[in-house]
Amino acid sequence: MLTLAGVNDGNLVELSRLLGVKVTLRGDTMTISGPPELVERGVELAKRMVDRARQRLELTPDDVLRLSEDDGAGGEAGGNGVGDGRIALPGVRKLIQAKTSGQAEYLKKIGENDIVVGIGPAGTGKTFLAVAAAVDALTKKKVRRIVLARPAVEAGESLGFLPGDMQAKVDPYLRPLYDALDDMMPQERVQKALETRIIEIAPLAFMRGRTLSDAFVILDEAQNATAMQMKMFLTRLGVNSQIVITGDKTQIDLPKREESGLMQVERILPGIDGIAFHYFTDVDVVRHRLVRDIIKAYAGDGD
């Protein structure tokens, strides 16, 4: 019941705000009152909230908002696999689950294709879900290692004079990948996997000349890969390997004369069997609700 109500009854307040109804929770009974058509919608949304709470899934006001907007929200069906939008990882207390139908479709494509390109704005779970799918594949011994790569491109700041060796200089670029891994695995297991190179996190430039077999490979921030780098990366694909490429076309930090490799593959690879493209929208944003509004504002500015 605490999960259902939320902190300071925040979930009930959000339900009331969204539909213009009065919501009360006494003991194990929820009461919704208001105009009949609004009450009917409120009951449907409340049922979905109850389902999530019963499954011990996280439920916040932002989740209530998504449930109200996304009638086909992913992860409502049973099962525990990438293809059905749910991933149960050992050592992680919460079930990782698609929160929108767009996210569920993304995981389904990852389960069915050797190469998946996920394109969309910040906060849509592109990288988070890809890393979850990679850890799931490693745990189930579908692959022997995970390789996570990012282009080391400065986003408007110059980091060239940072102190330290090469690894220390590139770590700021790779930190989001470490953060995602920390959410998926116990810290000591992450550290051991990094030391034994079962998991490798490296700048994209370090991929040259390698063949990646029996691996789940993720290229994050792919909009900052050049066309040549992207071709180099895609041709690393070895036997029993899978690639997920993620990027946001609105945040390209390459010099103006360089073509983004993400834009190029979007143009030349559709239609090839085994390669799938997935497009996220602001509806799939799962960060703070203001992130969605900010993305809409920038899109409307025409910049």
# chains A, B, ... in the order shown; residues from 1 in each chain; ligands from 1
$ residues_around --residues "A:Val143" --least-positions-apart "3" --cutoff "7 Å" --atoms "only C-alpha atoms" --output "PDB file with N, CA and C atoms, in the first residue's frame"
ATOM      1  N   ALA A 137      22.674 -11.093 -21.092  1.00  0.00           N
ATOM      2  CA  ALA A 137      23.280 -12.057 -22.029  1.00  0.00           C
ATOM      3  C   ALA A 137      24.525 -12.692 -21.421  1.00  0.00           C
ATOM      4  N   LEU A 138      25.322 -11.895 -20.701  1.00  0.00           N
ATOM      5  CA  LEU A 138      26.532 -12.420 -20.050  1.00  0.00           C
ATOM      6  C   LEU A 138      26.158 -13.393 -18.935  1.00  0.00           C
ATOM      7  N   ASP A 214      31.898 -13.600 -29.689  1.00  0.00           N
ATOM      8  CA  ASP A 214      31.255 -13.993 -28.434  1.00  0.00           C
ATOM      9  C   ASP A 214      31.096 -12.803 -27.493  1.00  0.00           C
ATOM     10  N   ALA A 215      30.667 -11.674 -28.050  1.00  0.00           N
ATOM     11  CA  ALA A 215      30.606 -10.445 -27.259  1.00  0.00           C
ATOM     12  C   ALA A 215      29.300  -9.699 -27.511  1.00  0.00           C
ATOM     13  N   PHE A 216      28.870  -8.999 -26.478  1.00  0.00           N
ATOM     14  CA  PHE A 216      27.770  -8.038 -26.602  1.00  0.00           C
ATOM     15  C   PHE A 216      28.433  -6.668 -26.580  1.00  0.00           C
TER      16      PHE A 216
END
$ residues_around --residues "A:Glu258" --least-positions-apart "4" --cutoff "9 Å" --atoms "only C-alpha atoms" --output "list in words"
Thr226, Ala227 and Leu254 of chain A
$ closest_residue --among "A:Ile252, A:Ile110, A:Ala149, A:Val64" --to "A:Phe233" --atoms "only C-alpha atoms"
A:Ala149
$ atom_distance --atom1 "atom CA of A:Ala205" --atom2 "atom CA of A:Tyr106"
26.8 Å
$ residues_around --residues "stretch 237-241 of chain A" --least-positions-apart "5" --cutoff "10 Å" --atoms "only C-alpha atoms" --output "VMD selection string"
chain A and resid 114 to 115 142 to 146 210 to 217 232
$ residues_around --residues "stretch 270-275 of chain A" --least-positions-apart "6" --cutoff "12 Å" --atoms "only C-alpha atoms" --output "list in words"
Lys109, Ile110, Gly111, Glu112, Asn113, Asp114, Ile115, Val116, Val117, Gly118, Leu234, Gln242, Ile243, Val244, Ile245, Met263 and Gln264 of chain A
$ atom_distance --atom1 "atom CA of A:Leu12" --atom2 "atom CA of A:Thr31"
10.5 Å
$ atom_distance --atom1 "atom CA of A:Arg292" --atom2 "atom CA of A:Gly123"
8.3 Å
